[in-house]
file structure.csv (CSV, C-alpha atoms)
chain,number,residue,atom,x,y,z
A,1,MET,CA,3.8,4.1,40.5
A,2,ASP,CA,1.3,1.6,41.9
A,3,THR,CA,1.4,-2.1,41.2
A,4,ARG,CA,-1.2,-2.0,38.4
A,5,THR,CA,0.6,0.8,36.6
A,6,LYS,CA,3.9,-1.0,36.9
A,7,ALA,CA,2.4,-4.2,35.6
A,8,ALA,CA,0.9,-2.4,32.7
A,9,THR,CA,4.2,-0.7,31.9
A,10,LEU,CA,6.1,-4.0,32.0
A,11,GLY,CA,3.5,-5.6,29.7
A,12,ALA,CA,3.8,-2.8,27.2
A,13,THR,CA,7.6,-3.2,27.3
A,14,HIS,CA,7.8,-6.9,27.0
A,15,SER,CA,5.0,-7.7,24.6
A,16,PRO,CA,6.4,-6.0,21.5
A,17,LEU,CA,10.0,-7.1,22.4
A,18,THR,CA,8.9,-10.7,22.9
A,19,HIS,CA,7.2,-10.6,19.4
A,20,LEU,CA,10.4,-9.4,17.8
A,21,VAL,CA,12.4,-12.2,19.6
A,22,VAL,CA,9.8,-14.8,18.5
A,23,THR,CA,10.0,-13.5,14.9
A,24,ALA,CA,13.9,-13.6,14.9
A,25,LEU,CA,14.1,-17.1,16.4
A,26,ARG,CA,11.4,-18.5,14.2
A,27,GLU,CA,13.2,-17.2,11.1
A,28,ARG,CA,16.5,-18.7,12.2
A,29,ILE,CA,14.9,-22.1,13.0
A,30,LEU,CA,12.8,-22.3,9.9
A,31,GLY,CA,15.7,-20.9,7.8
A,32,GLY,CA,18.0,-23.7,9.0
A,33,ALA,CA,20.4,-21.4,10.9
A,34,ILE,CA,19.5,-23.2,14.1
A,35,PRO,CA,19.2,-27.0,13.4
A,36,PRO,CA,16.8,-29.5,15.0
A,37,GLY,CA,18.1,-30.7,18.4
A,38,GLU,CA,20.3,-27.7,19.0
A,39,ARG,CA,20.0,-26.2,22.5
A,40,LEU,CA,18.6,-22.7,22.9
A,41,VAL,CA,20.4,-21.1,25.8
A,42,GLU,CA,18.7,-18.0,27.2
A,43,GLY,CA,21.9,-16.2,28.1
A,44,ARG,CA,23.5,-16.7,24.8
A,45,LEU,CA,20.4,-15.7,22.8
A,46,SER,CA,19.9,-12.6,24.9
A,47,GLU,CA,23.4,-11.5,24.1
A,48,GLU,CA,23.1,-12.3,20.4
A,49,LEU,CA,19.7,-10.4,20.2
A,50,GLY,CA,20.7,-7.6,22.5
A,51,VAL,CA,17.8,-8.1,24.9
A,52,SER,CA,17.3,-9.2,28.4
A,53,ARG,CA,16.5,-12.8,29.3
A,54,MET,CA,12.8,-12.2,30.0
A,55,PRO,CA,11.6,-11.7,26.4
A,56,VAL,CA,13.8,-14.6,25.3
A,57,ARG,CA,12.2,-16.8,27.9
A,58,GLU,CA,8.7,-15.7,26.9
A,59,ALA,CA,9.6,-16.2,23.2
A,60,LEU,CA,10.8,-19.7,23.8
A,61,ARG,CA,7.6,-20.6,25.6
A,62,GLN,CA,5.6,-19.2,22.7
A,63,LEU,CA,7.7,-21.2,20.2
A,64,ALA,CA,7.2,-24.3,22.3
A,65,ALA,CA,3.4,-23.8,22.0
A,66,GLU,CA,3.9,-23.7,18.2
A,67,GLY,CA,5.9,-26.9,18.3
A,68,LEU,CA,9.1,-25.4,17.0
A,69,VAL,CA,10.8,-25.6,20.4
A,70,THR,CA,10.9,-28.3,23.0
A,71,ILE,CA,11.4,-27.4,26.7
A,72,GLU,CA,12.5,-30.1,29.1
A,73,PRO,CA,13.1,-30.0,32.9
A,74,ARG,CA,16.8,-29.6,33.7
A,75,ARG,CA,17.8,-29.6,30.1
A,76,GLY,CA,16.1,-26.4,29.0
A,77,ALA,CA,15.0,-25.5,25.5
A,78,SER,CA,16.1,-26.9,22.2
A,79,VAL,CA,14.8,-26.9,18.6
A,80,THR,CA,12.3,-29.7,18.2
A,81,SER,CA,13.4,-32.8,16.3
A,82,PHE,CA,11.2,-35.6,15.1
A,83,SER,CA,11.8,-39.4,15.0
A,84,ALA,CA,11.0,-41.2,11.8
A,85,ASP,CA,7.8,-42.6,13.3
A,86,GLN,CA,6.7,-39.1,14.3
A,87,VAL,CA,7.4,-37.7,10.9
A,88,ARG,CA,5.3,-40.4,9.3
A,89,GLU,CA,2.4,-39.9,11.7
A,90,LEU,CA,2.4,-36.1,11.2
A,91,VAL,CA,2.6,-36.4,7.4
A,92,GLU,CA,-0.2,-38.9,7.3
A,93,VAL,CA,-2.6,-36.8,9.3
A,94,ARG,CA,-1.7,-33.5,7.6
A,95,ALA,CA,-2.1,-35.1,4.1
A,96,THR,CA,-5.5,-36.5,5.0
A,97,LEU,CA,-6.7,-33.2,6.4
A,98,GLU,CA,-5.3,-31.1,3.5
A,99,GLY,CA,-7.1,-33.5,1.1
A,100,LEU,CA,-10.4,-32.9,3.0
A,101,ASN,CA,-9.8,-29.2,3.0
A,102,ALA,CA,-9.3,-29.1,-0.8
A,103,LYS,CA,-12.3,-31.4,-1.4
A,104,LEU,CA,-14.6,-29.1,0.6
A,105,ALA,CA,-13.2,-26.0,-1.2
A,106,ALA,CA,-14.0,-27.5,-4.6
A,107,LYS,CA,-17.6,-28.0,-3.5
A,108,ARG,CA,-18.2,-24.6,-1.9
A,109,HIS,CA,-16.1,-22.0,-3.8
A,110,ASP,CA,-17.4,-18.8,-5.2
A,111,PRO,CA,-15.9,-16.3,-7.7
A,112,ALA,CA,-14.7,-13.8,-5.1
A,113,GLN,CA,-12.9,-16.4,-3.1
A,114,ILE,CA,-11.3,-17.8,-6.2
A,115,ALA,CA,-10.0,-14.4,-7.2
A,116,GLU,CA,-8.3,-14.0,-3.9
A,117,LEU,CA,-6.6,-17.4,-4.3
A,118,GLU,CA,-5.5,-16.5,-7.8
A,119,ARG,CA,-3.9,-13.3,-6.4
A,120,ILE,CA,-2.0,-15.3,-3.8
A,121,LEU,CA,-1.0,-17.9,-6.4
A,122,GLU,CA,0.4,-15.2,-8.7
A,123,GLU,CA,2.4,-13.5,-5.9
A,124,GLY,CA,3.6,-16.8,-4.5
A,125,THR,CA,4.8,-18.0,-7.9
A,126,ARG,CA,6.7,-14.8,-8.4
A,127,LEU,CA,8.4,-15.3,-5.1
A,128,ALA,CA,9.0,-19.0,-5.5
A,129,GLU,CA,12.7,-18.8,-6.1
A,130,SER,CA,13.3,-16.0,-3.6
A,131,GLU,CA,15.8,-16.5,-0.8
A,132,ASP,CA,13.5,-14.7,1.6
A,133,VAL,CA,12.4,-17.7,3.5
A,134,ALA,CA,10.1,-15.9,5.9
A,135,THR,CA,8.1,-14.2,3.1
A,136,THR,CA,8.0,-17.4,1.0
A,137,MET,CA,6.6,-19.4,3.9
A,138,LEU,CA,4.1,-16.7,4.7
A,139,MET,CA,2.8,-16.8,1.2
A,140,ASN,CA,2.5,-20.6,1.4
A,141,GLN,CA,0.5,-20.2,4.6
A,142,ARG,CA,-1.7,-17.6,3.0
A,143,PHE,CA,-2.6,-19.9,0.2
A,144,HIS,CA,-3.6,-22.8,2.5
A,145,ASP,CA,-5.5,-20.4,4.8
A,146,ALA,CA,-7.4,-19.0,1.9
A,147,LEU,CA,-8.2,-22.5,0.7
A,148,GLY,CA,-9.4,-23.2,4.2
A,149,ASN,CA,-11.7,-20.1,4.1
A,150,ILE,CA,-13.3,-21.5,1.0
A,151,ALA,CA,-13.7,-24.9,2.6
A,152,ALA,CA,-15.7,-23.1,5.4
A,153,ASN,CA,-15.3,-25.7,8.2
A,154,SER,CA,-14.2,-24.0,11.3
A,155,VAL,CA,-13.4,-27.2,13.2
A,156,LEU,CA,-11.2,-28.4,10.4
A,157,GLN,CA,-9.4,-25.1,10.2
A,158,ASP,CA,-8.6,-25.0,14.0
A,159,ILE,CA,-7.1,-28.5,13.7
A,160,MET,CA,-5.2,-27.6,10.6
A,161,ARG,CA,-3.7,-24.4,12.1
A,162,SER,CA,-2.4,-26.4,15.0
A,163,LEU,CA,-1.0,-29.1,12.8
A,164,ARG,CA,0.7,-26.6,10.4
A,165,ASP,CA,2.5,-25.0,13.3
A,166,ARG,CA,3.8,-28.4,14.4
A,167,THR,CA,4.8,-29.4,10.9
A,168,ALA,CA,6.4,-26.1,9.9
A,169,LEU,CA,9.8,-27.3,11.1
A,170,LEU,CA,9.4,-30.6,9.3
A,171,PHE,CA,8.7,-29.1,5.9
A,172,ALA,CA,10.9,-26.0,6.1
A,173,PRO,CA,14.2,-27.6,4.9
A,174,ILE,CA,12.6,-29.2,1.9
A,175,ASN,CA,10.5,-26.2,0.9
A,176,ARG,CA,13.6,-24.1,0.7
A,177,VAL,CA,14.7,-26.1,-2.3
A,178,ARG,CA,11.4,-26.9,-4.0
A,179,GLY,CA,9.7,-23.5,-4.1
A,180,LYS,CA,8.8,-23.6,-7.7
A,181,GLN,CA,7.4,-27.1,-7.5
A,182,ASN,CA,5.3,-26.1,-4.5
A,183,TRP,CA,3.6,-23.4,-6.4
A,184,GLU,CA,3.0,-25.5,-9.5
A,185,GLU,CA,1.3,-28.0,-7.2
A,186,HIS,CA,-0.8,-25.1,-5.7
A,187,ALA,CA,-1.8,-24.1,-9.2
A,188,ALA,CA,-3.0,-27.7,-10.0
A,189,ILE,CA,-5.0,-27.8,-6.8
A,190,LEU,CA,-6.6,-24.4,-7.6
A,191,ARG,CA,-7.5,-25.6,-11.1
A,192,ALA,CA,-9.3,-28.6,-9.7
A,193,VAL,CA,-11.1,-26.4,-7.1
A,194,ILE,CA,-12.3,-24.0,-9.9
A,195,LYS,CA,-13.6,-27.0,-11.9
A,196,GLY,CA,-15.5,-28.2,-8.9
A,197,ASP,CA,-13.7,-31.6,-9.1
A,198,ALA,CA,-13.7,-32.4,-5.4
A,199,GLU,CA,-12.0,-35.8,-5.8
A,200,LEU,CA,-9.2,-34.5,-7.9
A,201,ALA,CA,-8.6,-31.6,-5.6
A,202,ALA,CA,-8.4,-33.9,-2.6
A,203,LEU,CA,-6.0,-36.2,-4.4
A,204,LEU,CA,-3.7,-33.4,-5.5
A,205,ALA,CA,-3.7,-31.8,-2.1
A,206,THR,CA,-2.9,-35.1,-0.4
A,207,ARG,CA,0.0,-35.7,-2.9
A,208,HIS,CA,1.2,-32.2,-2.3
A,209,VAL,CA,1.8,-32.9,1.4
A,210,TYR,CA,3.7,-36.2,0.6
A,211,ASN,CA,5.7,-34.5,-2.1
A,212,ALA,CA,6.7,-31.7,0.3
A,213,ALA,CA,7.7,-34.3,2.9
A,214,GLN,CA,9.6,-36.3,0.1
A,215,MET,CA,7.7,-39.4,1.2
A,216,GLU,CA,5.5,-42.0,-0.6
A,217,PRO,CA,1.9,-42.3,0.6
call {"tool": "encode", "arguments": {"input": "structure.csv", "output": "structure tokens"}}
result
Amino acid sequence: MDTRTKAATLGATHSPLTHLVVTALRERILGGAIPPGERLVEGRLSEELGVSRMPVREALRQLAAEGLVTIEPRRGASVTSFSADQVRELVEVRATLEGLNAKLAAKRHDPAQIAELERILEEGTRLAESEDVATTMLMNQRFHDALGNIAANSVLQDIMRSLRDRTALLFAPINRVRGKQNWEEHAAILRAVIKGDAELAALLATRHVYNAAQMEP
């Protein structure tokens, strides 16, 4: 086997495995099984997950890029934790951007896009009290992504995706206990978008973020 063939084989082996490890760790972190600040030791994780250290190391790097994990020299990896000031700053920025996102959606929506949002809303509402954290969070992401597609501002969506990754850990513990309220707020935002009431849509989307963070604007 030449070097290129060997490299390709390793890539084929590690890529799917790394994805599985990323998924497993992300669910544990966002589900609260691994709390903020807890160290993520490669050796222990590889034993728990039944894989070698390489896919664990690659998975930790990917989760660090998403903001769920912090990797520090000599200390290693740990679940990201936020100071009170960091929480406030993240919430302020996300609330502002979500408001703009909803405002643009109210100005630019069409019937086909609204129908897709309504389907997501219906499914998300049905799953609101489910204990399946991963699926519930996926539906929440789908709603906000669909709203972003309607807003049709690619620069805004790139910024929002990055920010949602960074704030996922912040909102996860709260969203586990306010699923029904989340989707009631989504429904209110959608009604404002359908009416074309840009200012109301922006206000509701902004409040939605602060409510999810259990903070006052």
call {"tool": "residues_near_point", "arguments": {"input": "structure.csv", "point": "(17.6, -25.5, 19.4)", "cutoff": "7 Å", "atoms": "only C-alpha atoms", "output": "PyMOL selection string"}}
result
chain A and resi 34-40+69+77-80
call {"tool": "closest_residue", "arguments": {"input": "structure.csv", "among": "A:Leu60, A:Ile114, A:Leu147, A:Leu25", "to": "Glu48 (chain A)", "atoms": "all atoms listed in the file"}}
result
A:Leu25
call {"tool": "residues_near_point", "arguments": {"input": "structure.csv", "point": "(-4.4, -19.1, 0.0)", "cutoff": "12 Å", "atoms": "only C-alpha atoms", "output": "PDB file with C-alpha atoms, in the frame of the given file"}}
result
ATOM      1  CA  ASN A 101      -9.800 -29.200   3.000  1.00  0.00           C
ATOM      2  CA  ALA A 102      -9.300 -29.100  -0.800  1.00  0.00           C
ATOM      3  CA  ALA A 105     -13.200 -26.000  -1.200  1.00  0.00           C
ATOM      4  CA  GLN A 113     -12.900 -16.400  -3.100  1.00  0.00           C
ATOM      5  CA  ILE A 114     -11.300 -17.800  -6.200  1.00  0.00           C
ATOM      6  CA  ALA A 115     -10.000 -14.400  -7.200  1.00  0.00           C
ATOM      7  CA  GLU A 116      -8.300 -14.000  -3.900  1.00  0.00           C
ATOM      8  CA  LEU A 117      -6.600 -17.400  -4.300  1.00  0.00           C
ATOM      9  CA  GLU A 118      -5.500 -16.500  -7.800  1.00  0.00           C
ATOM     10  CA  ARG A 119      -3.900 -13.300  -6.400  1.00  0.00           C
ATOM     11  CA  ILE A 120      -2.000 -15.300  -3.800  1.00  0.00           C
ATOM     12  CA  LEU A 121      -1.000 -17.900  -6.400  1.00  0.00           C
ATOM     13  CA  GLU A 122       0.400 -15.200  -8.700  1.00  0.00           C
ATOM     14  CA  GLU A 123       2.400 -13.500  -5.900  1.00  0.00           C
ATOM     15  CA  GLY A 124       3.600 -16.800  -4.500  1.00  0.00           C
ATOM     16  CA  MET A 137       6.600 -19.400   3.900  1.00  0.00           C
ATOM     17  CA  LEU A 138       4.100 -16.700   4.700  1.00  0.00           C
ATOM     18  CA  MET A 139       2.800 -16.800   1.200  1.00  0.00           C
ATOM     19  CA  ASN A 140       2.500 -20.600   1.400  1.00  0.00           C
ATOM     20  CA  GLN A 141       0.500 -20.200   4.600  1.00  0.00           C
ATOM     21  CA  ARG A 142      -1.700 -17.600   3.000  1.00  0.00           C
ATOM     22  CA  PHE A 143      -2.600 -19.900   0.200  1.00  0.00           C
ATOM     23  CA  HIS A 144      -3.600 -22.800   2.500  1.00  0.00           C
ATOM     24  CA  ASP A 145      -5.500 -20.400   4.800  1.00  0.00           C
ATOM     25  CA  ALA A 146      -7.400 -19.000   1.900  1.00  0.00           C
ATOM     26  CA  LEU A 147      -8.200 -22.500   0.700  1.00  0.00           C
ATOM     27  CA  GLY A 148      -9.400 -23.200   4.200  1.00  0.00           C
ATOM     28  CA  ASN A 149     -11.700 -20.100   4.100  1.00  0.00           C
ATOM     29  CA  ILE A 150     -13.300 -21.500   1.000  1.00  0.00           C
ATOM     30  CA  ALA A 151     -13.700 -24.900   2.600  1.00  0.00           C
ATOM     31  CA  TRP A 183       3.600 -23.400  -6.400  1.00  0.00           C
ATOM     32  CA  HIS A 186      -0.800 -25.100  -5.700  1.00  0.00           C
ATOM     33  CA  ALA A 187      -1.800 -24.100  -9.200  1.00  0.00           C
ATOM     34  CA  ILE A 189      -5.000 -27.800  -6.800  1.00  0.00           C
ATOM     35  CA  LEU A 190      -6.600 -24.400  -7.600  1.00  0.00           C
TER      36      LEU A 190
END
call {"tool": "closest_residue", "arguments": {"input": "structure.csv", "among": "A:Val22, A:Ala213, A:Leu17, A:Val155", "to": "Glu66 (chain A)", "atoms": "only C-alpha atoms"}}
result
A:Val22
call {"tool": "closest_residue", "arguments": {"input": "structure.csv", "among": "A:Gln157, A:Ser130, A:Gln214, A:Gln62", "to": "Pro173 (chain A)", "atoms": "all atoms listed in the file"}}
result
A:Gln214
call {"tool": "atom_distance", "arguments": {"input": "structure.csv", "atom1": "CA of Glu185 (chain A)", "atom2": "CA of Phe82 (chain A)"}}
result
25.6 Å
call {"tool": "closest_residue", "arguments": {"input": "structure.csv", "among": "A:Thr167, A:Glu98, A:Lys180, A:Arg53", "to": "Arg126 (chain A)", "atoms": "all atoms listed in the file"}}
result
A:Lys180
call {"tool": "atom_distance", "arguments": {"input": "structure.csv", "atom1": "CA of Thr18 (chain A)", "atom2": "CA of Leu49 (chain A)"}}
result
11.1 Å
call {"tool": "closest_residue", "arguments": {"input": "structure.csv", "among": "A:Glu89, A:Asp110, A:Glu216, A:Asp165", "to": "Gly196 (chain A)", "atoms": "all atoms listed in the file"}}
result
A:Asp110
call {"tool": "atom_distance", "arguments": {"input": "structure.csv", "atom1": "CA of Met215 (chain A)", "atom2": "CA of Ala33 (chain A)"}}
result
24.1 Å
call {"tool": "closest_residue", "arguments": {"input": "structure.csv", "among": "A:Leu200, A:Val51, A:Ala84, A:Ala134", "to": "Gly31 (chain A)", "atoms": "all atoms listed in the file"}}
result
A:Ala134
call {"tool": "residues_around", "arguments": {"input": "structure.csv", "residues": "Leu156 (chain A)", "least_positions_apart": "3", "cutoff": "8 Å", "atoms": "all atoms listed in the file", "output": "ChimeraX atom specification"}}
result
/A:97,101,153,159-160
